[in-house]
Amino acid sequence: MASGNAVVVFSVSGCCMCHVVKRLLLGLGVGPTVYELDQLAAAVPAVFVGGQLLGGVEKVMSCHINGSLVPLLKQAGALWL
């Protein structure tokens with residue numbers, strides 16, 4: 001499932017950290033594929049970029065702050081800016 005799209009987020013609809021990650025990606029112009037895992041006990045959010053696990057909210061926000069997120073998204077074909 002993670003390798004089928006440029007950006008995949010495994011999420012739970014009521015999770016505030018999942019919401020933060022989805023809003024950030026959408027705000028950057030990325031249309032991630034989102035799987036809501038409300039029925040499963042899982043550690044979320046789990047963000048995959050280019051089929052590879054990037055990490056959770058801490059890793060995504062860290063990459064955004066240090067400037068490495070947008071290049072990763074471009075390399076995966078999720079952004080064309």
# chains A, B, ... in the order shown; residues from 1 in each chain; ligands from 1
$ select_by_dssp --residues "chain A" --states "alpha helix (DSSP H)" --output "ChimeraX atom specification"
/A:16-27,57-66,69-75
$ residues_around --residues "Leu73 of chain A" --least-positions-apart "6" --cutoff "12 Å" --atoms "only C-alpha atoms" --output "list of chain:residue names"
A:Asn5, A:Ala6, A:Val7, A:Val8, A:Leu25, A:Leu26, A:Leu28, A:Gly29, A:Val30, A:Gly31, A:Pro32, A:Val47, A:Phe48, A:Val49, A:Gly50, A:Gly51, A:Gln52, A:Leu54, A:Val60, A:Cys63, A:His64, A:Gly67, A:Leu79, A:Trp80, A:Leu81
$ select_by_dssp --residues "chain A" --states "strand (DSSP E)" --output "NGL selection string"
:A and (7-11 or 33-36 or 46-49 or 52-55)
$ closest_residue --among "A:Cys18, A:Leu53, A:Val70, A:Ile65" --to "Ser3 of chain A" --atoms "only C-alpha atoms"
A:Leu53
$ closest_residue --among "A:Gln75, A:Ser68, A:Ser62, A:Ser11" --to "Ala43 of chain A" --atoms "only C-alpha atoms"
A:Ser11
$ atom_distance --atom1 "atom CA of Gly4 of chain A" --atom2 "atom CA of Cys16 of chain A"
25.4 Å
$ closest_residue --among "A:Tyr35, A:Pro45, A:His19, A:Asn66" --to "Ala2 of chain A" --atoms "only C-alpha atoms"
A:Tyr35
$ residues_around --residues "Met17 of chain A" --least-positions-apart "4" --cutoff "9 Å" --atoms "only C-alpha atoms" --output "count of residues only"
7
